[in-house]
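For reference, structure.txt (compact mmCIF, C-alpha atoms and all ligand atoms):
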# COMPACT_ATOMS: atom_id res chain seq x y z
CA MET A 290 107.92 93.00 83.47
CA LYS A 291 110.68 95.52 82.72
CA ILE A 292 110.62 98.53 85.01
CA THR A 293 112.90 101.58 84.70
CA ILE A 294 113.43 103.93 87.63
CA ILE A 295 114.20 107.38 86.22
CA ILE A 296 116.15 109.80 88.42
CA PRO A 297 116.82 113.36 87.21
CA THR A 298 119.92 114.98 88.68
CA TYR A 299 121.40 118.40 88.85
CA ASN A 300 124.28 118.62 91.35
CA GLU A 301 123.21 115.68 93.53
CA ILE A 302 126.62 114.15 94.24
CA ASP A 303 125.90 113.97 97.98
CA THR A 304 123.00 111.56 97.56
CA ILE A 305 122.96 109.88 94.13
CA GLY A 306 125.54 107.17 94.91
CA ALA A 307 123.81 106.03 98.09
CA LEU A 308 120.40 106.24 96.41
CA ILE A 309 121.48 103.96 93.54
CA ASP A 310 122.93 101.46 96.05
CA LYS A 311 119.70 101.47 98.07
CA LEU A 312 117.53 101.11 94.96
CA LEU A 313 119.58 98.14 93.76
CA LEU A 314 118.88 96.42 97.09
CA VAL A 315 115.17 97.21 97.00
CA CYS A 316 114.90 95.99 93.39
CA ALA A 317 116.63 92.72 94.30
CA GLU A 318 113.71 92.05 96.67
CA MET A 319 111.32 91.94 93.68
CA PRO A 320 112.75 89.17 91.48
CA GLN A 321 109.47 88.89 89.54
CA HIS A 322 110.45 92.08 87.64
CA ILE A 323 113.53 93.19 85.69
CA PHE A 324 114.72 96.58 86.87
CA SER A 325 116.95 99.25 85.43
CA ILE A 326 117.94 102.61 86.87
CA LEU A 327 118.25 105.55 84.48
CA VAL A 328 119.85 108.77 85.71
CA VAL A 329 119.24 111.84 83.55
CA ASP A 330 121.92 114.36 84.38
CA SER A 331 121.78 117.91 83.07
CA ASN A 332 125.44 118.85 83.05
CA SER A 333 125.92 118.87 86.83
CA GLN A 334 129.03 120.76 87.86
CA ASP A 335 129.80 118.66 90.95
CA GLY A 336 130.82 115.33 89.40
CA THR A 337 127.38 113.65 89.64
CA ALA A 338 127.71 112.22 86.11
CA SER A 339 131.16 110.70 86.78
CA LEU A 340 129.88 109.01 89.91
CA VAL A 341 126.91 107.56 88.01
CA GLU A 342 129.23 106.41 85.21
CA GLU A 343 131.26 104.55 87.83
CA LYS A 344 128.08 102.85 89.10
CA ALA A 345 127.06 102.01 85.51
CA ARG A 346 130.43 100.32 84.90
CA LYS A 347 129.86 98.17 87.99
CA HIS A 348 126.16 97.41 87.43
CA GLY A 349 124.82 96.70 83.94
CA THR A 350 121.35 97.77 85.04
CA VAL A 351 122.43 101.36 85.79
CA HIS A 352 122.34 103.81 82.87
CA LEU A 353 123.28 107.45 82.44
CA LEU A 354 121.72 109.84 79.98
CA LYS A 355 123.39 113.22 79.64
CA GLN A 356 121.65 116.46 78.76
CA ASN A 357 123.98 119.25 77.61
CA GLU A 358 122.44 121.93 79.76
CA ARG A 359 120.04 122.33 82.63
CA ARG A 360 116.61 122.81 81.07
CA GLY A 361 114.24 121.98 83.91
CA LEU A 362 112.83 118.90 85.60
CA GLY A 363 110.16 118.19 82.97
CA SER A 364 112.66 118.46 80.13
CA ALA A 365 114.98 115.93 81.83
CA TYR A 366 112.13 113.54 82.66
CA VAL A 367 110.63 113.34 79.18
CA LEU A 368 114.07 112.59 77.77
CA GLY A 369 114.37 109.76 80.29
CA MET A 370 110.85 108.48 79.60
CA GLN A 371 111.47 108.26 75.84
CA TYR A 372 114.74 106.44 76.47
CA ALA A 373 113.12 104.03 78.94
CA ALA A 374 110.26 103.19 76.57
CA ARG A 375 112.27 102.97 73.33
CA ARG A 376 115.80 101.93 74.24
CA LEU A 377 115.24 99.99 77.47
CA ALA A 378 111.90 98.50 76.34
CA ALA A 379 110.37 99.33 79.72
CA ASP A 380 106.82 98.17 80.50
CA ALA A 381 106.63 100.85 83.19
CA PHE A 382 108.73 103.75 84.36
CA ILE A 383 108.98 105.28 87.80
CA GLU A 384 109.76 108.93 88.51
CA CYS A 385 111.92 109.39 91.60
CA ASP A 386 113.93 112.35 92.95
CA ALA A 387 117.66 112.01 93.65
CA ASP A 388 117.69 113.66 97.09
CA PHE A 389 116.19 110.86 99.26
CA GLN A 390 112.94 112.77 99.77
CA HIS A 391 111.30 109.60 98.54
CA ASP A 392 111.92 106.45 100.52
CA PRO A 393 113.26 103.88 97.99
CA ARG A 394 111.22 101.19 99.77
CA ASP A 395 107.98 102.99 98.78
CA ILE A 396 108.67 101.90 95.20
CA LYS A 397 107.43 98.46 96.25
CA ARG A 398 103.99 99.90 96.95
CA LEU A 399 103.83 101.42 93.48
CA ILE A 400 104.78 98.11 91.91
CA THR A 401 102.21 96.15 93.93
CA GLU A 402 99.47 98.33 92.42
CA PHE A 403 101.02 98.05 88.94
CA ASP A 404 100.84 94.28 89.39
CA ASN A 405 97.20 94.73 90.44
CA GLY A 406 96.48 96.29 87.04
CA TYR A 407 96.79 100.03 87.67
CA ASP A 408 98.28 102.18 84.90
CA TYR A 409 99.34 105.18 86.92
CA VAL A 410 100.30 104.84 90.56
CA ILE A 411 100.97 107.99 92.56
CA GLY A 412 102.98 108.06 95.78
CA SER A 413 100.66 110.41 97.60
CA ARG A 414 101.39 112.72 100.54
CA TYR A 415 97.75 113.64 100.95
CA VAL A 416 95.88 110.36 101.33
CA PRO A 417 95.50 108.82 104.82
CA GLY A 418 98.89 107.52 105.92
CA GLY A 419 100.86 109.96 103.75
CA SER A 420 102.76 113.01 105.01
CA VAL A 421 105.04 115.95 104.18
CA PRO A 422 108.21 116.79 106.19
CA HIS A 423 107.39 118.23 109.58
CA GLU A 424 110.51 120.43 109.14
CA TRP A 425 108.83 122.26 106.23
CA LYS A 426 108.10 125.92 106.87
CA TRP A 427 104.42 126.75 107.33
CA TYR A 428 104.23 128.56 103.98
CA ARG A 429 105.63 125.56 102.06
CA LYS A 430 103.00 123.33 103.68
CA ILE A 431 100.25 125.79 102.75
CA ILE A 432 101.47 126.23 99.17
CA SER A 433 101.72 122.48 98.61
CA ARG A 434 98.35 121.70 100.18
CA TRP A 435 96.39 124.52 98.56
CA SER A 436 97.91 124.09 95.13
CA ASN A 437 96.48 120.59 95.19
CA VAL A 438 93.05 121.86 96.25
CA PHE A 439 93.21 124.44 93.43
CA ILE A 440 94.22 121.85 90.82
CA ARG A 441 91.43 119.52 91.93
CA LEU A 442 88.82 122.27 91.75
CA ILE A 443 89.82 123.75 88.40
CA LEU A 444 90.59 120.51 86.57
CA HIS A 445 87.96 118.32 88.26
CA ILE A 446 90.36 115.47 88.91
CA PRO A 447 89.81 113.35 92.03
CA ILE A 448 93.51 113.21 92.90
CA ALA A 449 94.72 114.22 96.38
CA ASP A 450 98.36 114.75 95.37
CA ALA A 451 98.70 116.04 91.82
CA THR A 452 102.22 117.38 92.35
CA SER A 453 103.89 114.32 93.83
CA GLY A 454 107.28 113.42 92.38
CA LEU A 455 107.09 109.67 93.02
CA LYS A 456 104.92 107.78 90.56
CA LEU A 457 104.72 104.89 88.15
CA THR A 458 103.42 105.03 84.57
CA ARG A 459 102.48 102.02 82.45
CA VAL A 460 104.19 102.37 79.08
CA GLN A 461 101.88 100.28 76.92
CA THR A 462 99.38 102.45 75.03
CA PHE A 463 100.17 105.50 77.19
CA SER A 464 103.75 106.48 76.30
CA GLU A 465 102.75 106.72 72.62
CA ARG A 466 100.06 109.26 73.47
CA LEU A 467 101.77 111.26 76.21
CA PRO A 468 103.49 114.52 75.16
CA LEU A 469 106.97 113.15 75.91
CA GLU A 470 108.90 115.87 74.13
CA GLU A 471 109.97 119.14 75.66
CA ARG A 472 108.28 121.19 72.92
CA LYS A 473 104.96 119.43 73.57
CA LEU A 474 104.95 120.04 77.33
CA TYR A 475 103.00 122.97 78.75
CA SER A 476 105.93 123.42 81.17
CA ARG A 477 109.49 122.09 81.08
CA PHE A 478 109.90 122.73 84.79
CA HIS A 479 108.26 121.13 87.86
CA ALA A 480 104.74 121.87 86.55
CA TYR A 481 105.10 119.26 83.77
CA LYS A 482 103.75 116.83 86.40
CA ILE A 483 100.29 118.40 86.29
CA HIS A 484 100.24 118.14 82.49
CA LEU A 485 101.16 114.45 82.38
CA LEU A 486 98.78 113.59 85.22
CA TYR A 487 95.90 115.30 83.43
CA CYS A 488 96.78 113.46 80.21
CA MET A 489 96.66 110.09 81.98
CA PHE A 490 93.31 111.05 83.48
CA ALA A 491 91.98 112.13 80.07
CA TYR A 492 93.20 108.88 78.47
CA GLY A 493 91.17 106.87 80.97
CA ALA A 494 94.14 105.36 82.80
CA LYS A 495 93.39 103.35 85.93
CA ILE A 496 94.86 105.61 88.61
CA LYS A 497 95.69 104.72 92.20
CA GLU A 498 97.20 106.77 95.02
CA VAL A 499 99.27 105.03 97.68
CA PRO A 500 100.44 106.82 100.85
CA ILE A 501 104.08 107.86 101.16
CA THR A 502 106.09 109.70 103.75
CA PHE A 503 107.83 112.59 102.01
CA HIS A 504 111.10 113.39 103.75
CA GLU A 505 113.17 116.54 103.99
CA ARG A 506 115.98 116.78 101.40
CA GLY A 507 118.93 114.48 102.18
CA ASN A 508 121.70 116.92 101.25
CA GLY A 509 122.46 119.43 98.54
CA ALA A 510 120.50 122.47 97.40
CA SER A 511 116.87 122.66 96.32
CA LYS A 512 116.24 123.37 92.64
CA LEU A 513 112.68 124.50 93.29
CA ARG A 514 112.15 128.11 92.14
CA THR A 515 109.15 128.70 94.39
CA ILE A 516 107.54 131.79 92.83
CA LYS A 517 108.41 130.87 89.23
CA ASP A 518 107.17 127.30 89.73
CA ILE A 519 103.88 128.53 91.20
CA ALA A 520 103.45 130.75 88.13
CA GLU A 521 104.27 127.81 85.82
CA SER A 522 101.74 125.62 87.65
CA LEU A 523 99.03 128.25 87.24
CA LYS A 524 99.87 128.51 83.54
CA VAL A 525 99.63 124.73 83.09
CA VAL A 526 96.33 124.45 84.98
CA PHE A 527 94.72 127.21 82.90
CA LEU A 528 96.08 125.84 79.61
CA LEU A 529 94.67 122.42 80.46
CA ARG A 530 91.32 123.97 81.39
CA LEU A 531 91.15 126.03 78.20
CA LYS A 532 92.82 123.79 75.62
CA GLY A 533 92.69 120.33 77.20
CA VAL A 534 95.60 117.95 76.75
N1 LIG B 1 118.35 116.59 85.14
C1 LIG B 1 117.76 117.56 85.83
N2 LIG B 1 117.36 117.32 87.08
C2 LIG B 1 116.76 118.33 87.76
C3 LIG B 1 116.54 119.62 87.21
N3 LIG B 1 115.90 120.38 88.14
C4 LIG B 1 115.74 119.59 89.23
N4 LIG B 1 116.27 118.37 89.01
C5 LIG B 1 116.29 117.19 89.89
O1 LIG B 1 114.94 116.89 90.16
C6 LIG B 1 114.76 116.40 91.46
C7 LIG B 1 113.75 117.30 92.19
O2 LIG B 1 114.31 118.59 92.37
P1 LIG B 1 114.34 119.27 93.82
O3 LIG B 1 115.28 120.43 93.83
O4 LIG B 1 114.62 118.22 94.83
O5 LIG B 1 112.88 119.83 93.93
P2 LIG B 1 111.85 119.63 95.10
O6 LIG B 1 111.95 118.22 95.62
O7 LIG B 1 110.55 120.10 94.60
O8 LIG B 1 112.38 120.65 96.21
P3 LIG B 1 113.03 120.34 97.66
O9 LIG B 1 111.92 119.83 98.54
O10 LIG B 1 113.52 121.65 98.12
O11 LIG B 1 114.11 119.32 97.43
C8 LIG B 1 116.16 116.36 92.07
O12 LIG B 1 116.67 115.08 91.90
C9 LIG B 1 116.94 117.38 91.22
O13 LIG B 1 118.33 117.12 91.15
C10 LIG B 1 116.99 119.85 85.86
O14 LIG B 1 116.86 120.91 85.29
N5 LIG B 1 117.59 118.79 85.23
MG MG B 2 113.69 117.49 96.37
So, in terms of structure tokens, how does the structure I just supplied come out?
Ligand SMILES: Nc1nc2c(ncn2[C@@H]2O[C@H](COP(=O)(O)OP(=O)(O)OP(=O)(O)O)[C@@H](O)[C@H]2O)c(=O)[nH]1
Ligand SMILES: [Mg+2]
Amino acid sequence: MKITIIIPTYNEIDTIGALIDKLLLVCAEMPQHIFSILVVDSNSQDGTASLVEEKARKHGTVHLLKQNERRGLGSAYVLGMQYAARRLAADAFIECDADFQHDPRDIKRLITEFDNGYDYVIGSRYVPGGSVPHEWKWYRKIISRWSNVFIRLILHIPIADATSGLKLTRVQTFSERLPLEERKLYSRFHAYKIHLLYCMFAYGAKIKEVPITFHERGNGASKLRTIKDIAESLKVVFLLRLKGV
């Protein structure tokens, strides 16, 4: 099967090179699949795109997609998802952050469950065996934990980690139905994740959570806009409750 790992970047020069190298090694351990790595860069000012271009020249399986301006995580991801499905003919795509918060080796767990027939595999911090960084401040732990409880209660979805950033989506039948255009998303920022998850649930996808250890950021600055992203998440949850997908 063809699998594309999509990595959105905004000023991630400190980590993106090493992450691509590590992912290439991990992918080489799964010769039963054909992998590509797609970086979606939103006009980073620190040379991220040039570094990725250099990697792409060296490795034919590394691709760079450029967005003219920074428009939010969801906006970058849906661009990458369309490209993976249409141009790279991916059978599945994986969402993965650029800052080493996700262990590249955990991708193997997602793929094992894809091979087992699951359509949507979530790297989960809140199933037994999963965890968030112990360095996180108490309020970040509370916000992350309770936002998941809130989402579960309001949307009635039996998912422990609805806001995880590491996941795999089966393309066939789903990518055609998912709102993979910025104008169709209820949020173009971090909260897009709740929208797409709810869609997959509504479409009857076979969903599986696998435990992951979520690490502290490798280097570079966070792009999370805590208060604004909480407000966006609330908006998405209520839109889904009122209007559905
Ligand atoms: N292309 C693109 N990438 C983005 C944008 N916003 C965030 N990212 C990337 O999305 C990933 C997740 O963003 P982070 O800032 O790490 O958000 P987070 O993981 O919730 O927050 P931290 O735990 O503080 O790192 C990183 O790889 C960012 O570089 C954007 O507008 N465009
Ligand atoms: Mg991060």
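For the residues A:Arg429, A:His479, A:Arg346, A:Arg441, ranking by smallest atom-to-atom distance to Asp386 in chain A using all atoms listed in the file places A:His479 first.
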Contacts between range 387-393 of chain A and range 427-464 of chain A, please, where a residue of range 427-464 of chain A counts if it comes within 10 Å (with all atoms listed in the file); show its shortest atom pair and distance in Å to one decimal, rows by chain and ascending number, as a Markdown table.
| residue | atom | partner | partner_atom | distance |
| --- | --- | --- | --- | --- |
| A:Ser453 | CA | A:His391 | CA | 10.0 |
| A:Gly454 | CA | A:His391 | CA | 8.3 |
| A:Leu455 | CA | A:His391 | CA | 6.9 |
Would you list the contacts of Leu312 in chain A as an MDAnalysis selection string, taking every protein, DNA or RNA residue within 10 Å and counting only C-alpha atoms, but skipping same-chain residues closer than 4 positions in sequence?
-> chainID A and resid 294 307:308 316:318 324:326 392:394 396
What gap, in Å, lies between CA of Ala379 in chain A and CA of Ser413 in chain A?
-> 23.2 Å
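CA of Ile305 in chain A sits 28.9 Å away from CA of Lys473 in chain A.
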Coordinates of range 520-533 of chain A, N, CA, C and O atoms, as a short mmCIF file (atom, residue, chain, number, x, y, z; two decimals), in the first residue's frame:
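Output below, filename result_24.cif:
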data_model
loop_
_atom_site.label_atom_id
_atom_site.label_comp_id
_atom_site.auth_asym_id
_atom_site.auth_seq_id
_atom_site.Cartn_x
_atom_site.Cartn_y
_atom_site.Cartn_z
N ALA A 520 -11.21 28.48 22.15
CA ALA A 520 -12.44 29.07 21.61
C ALA A 520 -12.82 28.40 20.28
O ALA A 520 -13.99 28.08 20.05
N GLU A 521 -11.83 28.15 19.43
CA GLU A 521 -12.09 27.48 18.15
C GLU A 521 -12.64 26.07 18.38
O GLU A 521 -13.55 25.63 17.69
N SER A 522 -12.07 25.37 19.37
CA SER A 522 -12.53 24.01 19.65
C SER A 522 -13.98 24.01 20.12
O SER A 522 -14.78 23.18 19.70
N LEU A 523 -14.31 24.98 20.98
CA LEU A 523 -15.70 25.09 21.45
C LEU A 523 -16.63 25.34 20.26
O LEU A 523 -17.68 24.71 20.13
N LYS A 524 -16.20 26.23 19.38
CA LYS A 524 -17.01 26.55 18.19
C LYS A 524 -17.26 25.29 17.36
O LYS A 524 -18.39 24.99 16.98
N VAL A 525 -16.19 24.53 17.13
CA VAL A 525 -16.31 23.32 16.30
C VAL A 525 -17.24 22.30 16.95
O VAL A 525 -18.12 21.72 16.30
N VAL A 526 -17.08 22.10 18.27
CA VAL A 526 -17.91 21.11 18.96
C VAL A 526 -19.38 21.50 18.86
O VAL A 526 -20.24 20.67 18.54
N PHE A 527 -19.68 22.79 19.07
CA PHE A 527 -21.09 23.19 19.02
C PHE A 527 -21.65 23.17 17.60
O PHE A 527 -22.80 22.79 17.39
N LEU A 528 -20.82 23.51 16.62
CA LEU A 528 -21.28 23.42 15.22
C LEU A 528 -21.60 21.98 14.85
O LEU A 528 -22.61 21.69 14.20
N LEU A 529 -20.74 21.07 15.30
CA LEU A 529 -20.97 19.65 14.99
C LEU A 529 -22.24 19.16 15.67
O LEU A 529 -23.01 18.39 15.10
N ARG A 530 -22.45 19.62 16.89
CA ARG A 530 -23.63 19.20 17.66
C ARG A 530 -24.90 19.72 16.99
O ARG A 530 -25.90 19.01 16.89
N LEU A 531 -24.84 20.98 16.53
CA LEU A 531 -26.03 21.61 15.98
C LEU A 531 -26.28 21.26 14.51
O LEU A 531 -27.40 20.98 14.10
N LYS A 532 -25.18 21.26 13.72
CA LYS A 532 -25.35 21.08 12.27
C LYS A 532 -24.94 19.71 11.77
O LYS A 532 -25.21 19.35 10.64
N GLY A 533 -24.19 18.97 12.62
CA GLY A 533 -23.61 17.70 12.15
C GLY A 533 -22.42 17.97 11.25
O GLY A 533 -21.93 19.10 11.20
#
